[in-house]
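The structure appears right after this line, and notes come after that.
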Amino acid sequence: MEPIEKVKSKILLQNAKEDPGIKWHDSLYKHLPKGIDTSIVVNDSKENPFKFAQYVKLVFNHKAIIFRDKKVWRLHRLTEDSQDSLQKDDYAVASRERWDAWRYPDTITSWKVKLEDIANTLAQADHILVLKAKHKMIITRKGKVVKTFNIDMGFNPIGNKVKEGDGKTPEGIYNVDHKYIRRDKFYKSFLISYPDANDKSIAKQRGVKAGYGVSIHGTTPAKVNAKDWTAGCIALQNKDIDTLFKYIASGTVIEIRK
């Protein structure tokens, strides 16, 4: 017999799926938010392209979500088959967002709010550039600068990260994933996809461990005025990481230069 809390959770989930809030109607095309980027095309898991008119209804009606997979926009249908496939991939891009969309169905009843949410998703930046020597993070969209932040890095920042505990921030092209609010003093985070296959190979050749858990995160009260104090992560002031959360989605490319 299942525990009562698990049964309740299933009932709540089923009820939410049966009543996902307001439904799409084609009259809403007249009320799209000003400046919404309807030119974006998204691909499903079979590489079929979907134009705005095809996916906006699915997203609005909580039948799918769109997410960024590096430089490609993807459509993830909220079906049992899709979740079964996701469950088999421990390193799936934007896995947290895709699971949360399935577990906690949207029950928004304001069409204005839903359209603004979709517009904000489509307006996010598509690239993060970190210039270690300048202590800068620059986020861009279609090649244009959106925001620039000051950053702190590892306590031994010069040079590429090659092993666990060296205090260096890695250099290379990765993606950011697992965007989440933390329960500790570091506030909020994006996990960076370090180490990649090349990082692991170099570490193995040197007989060392590559390390793991490199992220972009907030700043503790004790380190607000400190410089390069992390174990290898990239730290932003908390107000700046709040802004980053607004403009960056899981799956976005991050390029880290010397």
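Labels used: A, B, ... for chains in the order of the structure tokens, numbers from 1 for residues in each chain, and numbers from 1 for ligands as shown.
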Produce a table with one row for each residue of region 28-70 of chain A that has an atom at most 7 Å from any atom of region 102-126 of chain A, each row naming the nearest atom pair and its distance in Å at one decimal; use only C-alpha atoms; arrange rows by chain and rising residue number; format as a tab-separated table.
```
residue	atom	partner	partner_atom	distance
A:Leu32	CA	A:Leu115	CA	6.6
A:Pro33	CA	A:Glu116	CA	6.4
A:Ile36	CA	A:Ala119	CA	5.1
A:Asp37	CA	A:Leu122	CA	6.1
A:Phe60	CA	A:Lys114	CA	6.6
A:His62	CA	A:Asp106	CA	6.4
```
Same residues, N, CA and C atoms, saved as a tab-separated table (two decimals), in the first residue's frame:
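Result written to result.tsv:
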```tsv
chain	number	residue	atom	x	y	z
A	32	LEU	N	-0.54	39.77	-28.26
A	32	LEU	CA	0.85	39.38	-27.98
A	32	LEU	C	1.61	40.57	-27.40
A	33	PRO	N	2.48	40.34	-26.40
A	33	PRO	CA	3.23	41.44	-25.81
A	33	PRO	C	4.09	42.16	-26.85
A	36	ILE	N	7.64	40.84	-28.64
A	36	ILE	CA	7.85	39.41	-28.51
A	36	ILE	C	8.50	38.88	-29.79
A	37	ASP	N	9.50	38.03	-29.63
A	37	ASP	CA	10.25	37.52	-30.78
A	37	ASP	C	9.57	36.27	-31.34
A	60	PHE	N	1.36	27.43	-24.13
A	60	PHE	CA	0.29	28.13	-23.41
A	60	PHE	C	-0.63	27.14	-22.71
A	62	HIS	N	0.09	24.23	-21.59
A	62	HIS	CA	0.86	23.31	-20.76
A	62	HIS	C	0.93	21.90	-21.36
```
Alpha helix (DSSP H) per DSSP on the backbone: members of region 16-228 of chain A, as number ranges by chain: A: 16-18, 52-60, 80-87, 95-103, 111-122, 197-206
Can you list, as a PyMOL selection string, every protein, DNA or RNA residue that comes within 12 Å of region 135-147 of chain A when you count only C-alpha atoms, leaving out same-chain residues fewer than 3 positions away? chain A and resi 37+40+71+122-132+150-154+157-158+169+216+227-228+234-236+240-241+243-249+252-258
Quick check, in Å to one decimal: how far apart do CA of Gln83 (chain A) and CA of Ser189 (chain A) lie? 24.3 Å
Please identify which residues in region 140-248 of chain A DSSP calls strand (DSSP E) from the backbone, and express them as a ChimeraX atom specification. /A:140-141,144-150,172-181,188-192,215-217,234-235
Spatial neighbours of Ser45 (chain A), 10 Å, only C-alpha atoms, chain gap at least 6 places, as a PyMOL selection string: chain A and resi 74-77+82
Near-Ser193 (chain A) list (10 Å; only C-alpha atoms; drop same-chain fewer than 6 positions) as a ChimeraX atom specification: /A:91,93,173-178,212-215,251,253-254
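In this structure, CA of Tyr180 (chain A) sits 8.4 Å away from CA of Arg96 (chain A).
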Using only C-alpha atoms, can you tell me which of A:Ala197, A:Trp99, A:Phe186, A:Val208 comes closest to Gln237 (chain A)?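 Between A:Ala197, A:Trp99, A:Phe186, A:Val208, the residue approaching Gln237 (chain A) most closely is A:Phe186.
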For Phe50 (chain A), find every residue with an atom within 9 Å (counting only C-alpha atoms), except residues of its own chain fewer than 3 positions away, and show them as number ranges by chain. A: 40-44, 53-55, 75
Write the residues of the selection above to a file with N, CA and C atoms, as a PDB file, in the first residue's frame.
```
ATOM      1  N   ILE A  40      11.573  33.037 -33.661  1.00  0.00           N
ATOM      2  CA  ILE A  40      12.323  31.886 -33.169  1.00  0.00           C
ATOM      3  C   ILE A  40      11.655  30.581 -33.571  1.00  0.00           C
ATOM      4  N   VAL A  41      12.438  29.676 -34.137  1.00  0.00           N
ATOM      5  CA  VAL A  41      11.981  28.340 -34.501  1.00  0.00           C
ATOM      6  C   VAL A  41      12.573  27.353 -33.505  1.00  0.00           C
ATOM      7  N   VAL A  42      11.771  26.417 -33.030  1.00  0.00           N
ATOM      8  CA  VAL A  42      12.253  25.414 -32.071  1.00  0.00           C
ATOM      9  C   VAL A  42      12.157  24.029 -32.716  1.00  0.00           C
ATOM     10  N   ASN A  43      13.058  23.143 -32.323  1.00  0.00           N
ATOM     11  CA  ASN A  43      13.065  21.776 -32.847  1.00  0.00           C
ATOM     12  C   ASN A  43      12.630  20.800 -31.765  1.00  0.00           C
ATOM     13  N   ASP A  44      11.830  19.813 -32.148  1.00  0.00           N
ATOM     14  CA  ASP A  44      11.475  18.793 -31.173  1.00  0.00           C
ATOM     15  C   ASP A  44      12.567  17.723 -31.107  1.00  0.00           C
ATOM     16  N   ALA A  53       3.619  29.941 -34.308  1.00  0.00           N
ATOM     17  CA  ALA A  53       2.189  29.627 -34.314  1.00  0.00           C
ATOM     18  C   ALA A  53       1.899  28.177 -33.952  1.00  0.00           C
ATOM     19  N   GLN A  54       2.902  27.313 -34.118  1.00  0.00           N
ATOM     20  CA  GLN A  54       2.725  25.904 -33.785  1.00  0.00           C
ATOM     21  C   GLN A  54       3.027  25.615 -32.317  1.00  0.00           C
ATOM     22  N   TYR A  55       4.087  26.249 -31.774  1.00  0.00           N
ATOM     23  CA  TYR A  55       4.453  25.892 -30.401  1.00  0.00           C
ATOM     24  C   TYR A  55       3.821  26.780 -29.337  1.00  0.00           C
ATOM     25  N   LEU A  75      11.858  21.908 -28.203  1.00  0.00           N
ATOM     26  CA  LEU A  75      10.504  21.719 -27.701  1.00  0.00           C
ATOM     27  C   LEU A  75      10.468  20.413 -26.919  1.00  0.00           C
TER      28      LEU A  75
END
```
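In this structure, CA of Gly211 (chain A) sits 11.4 Å away from CA of Cys233 (chain A).
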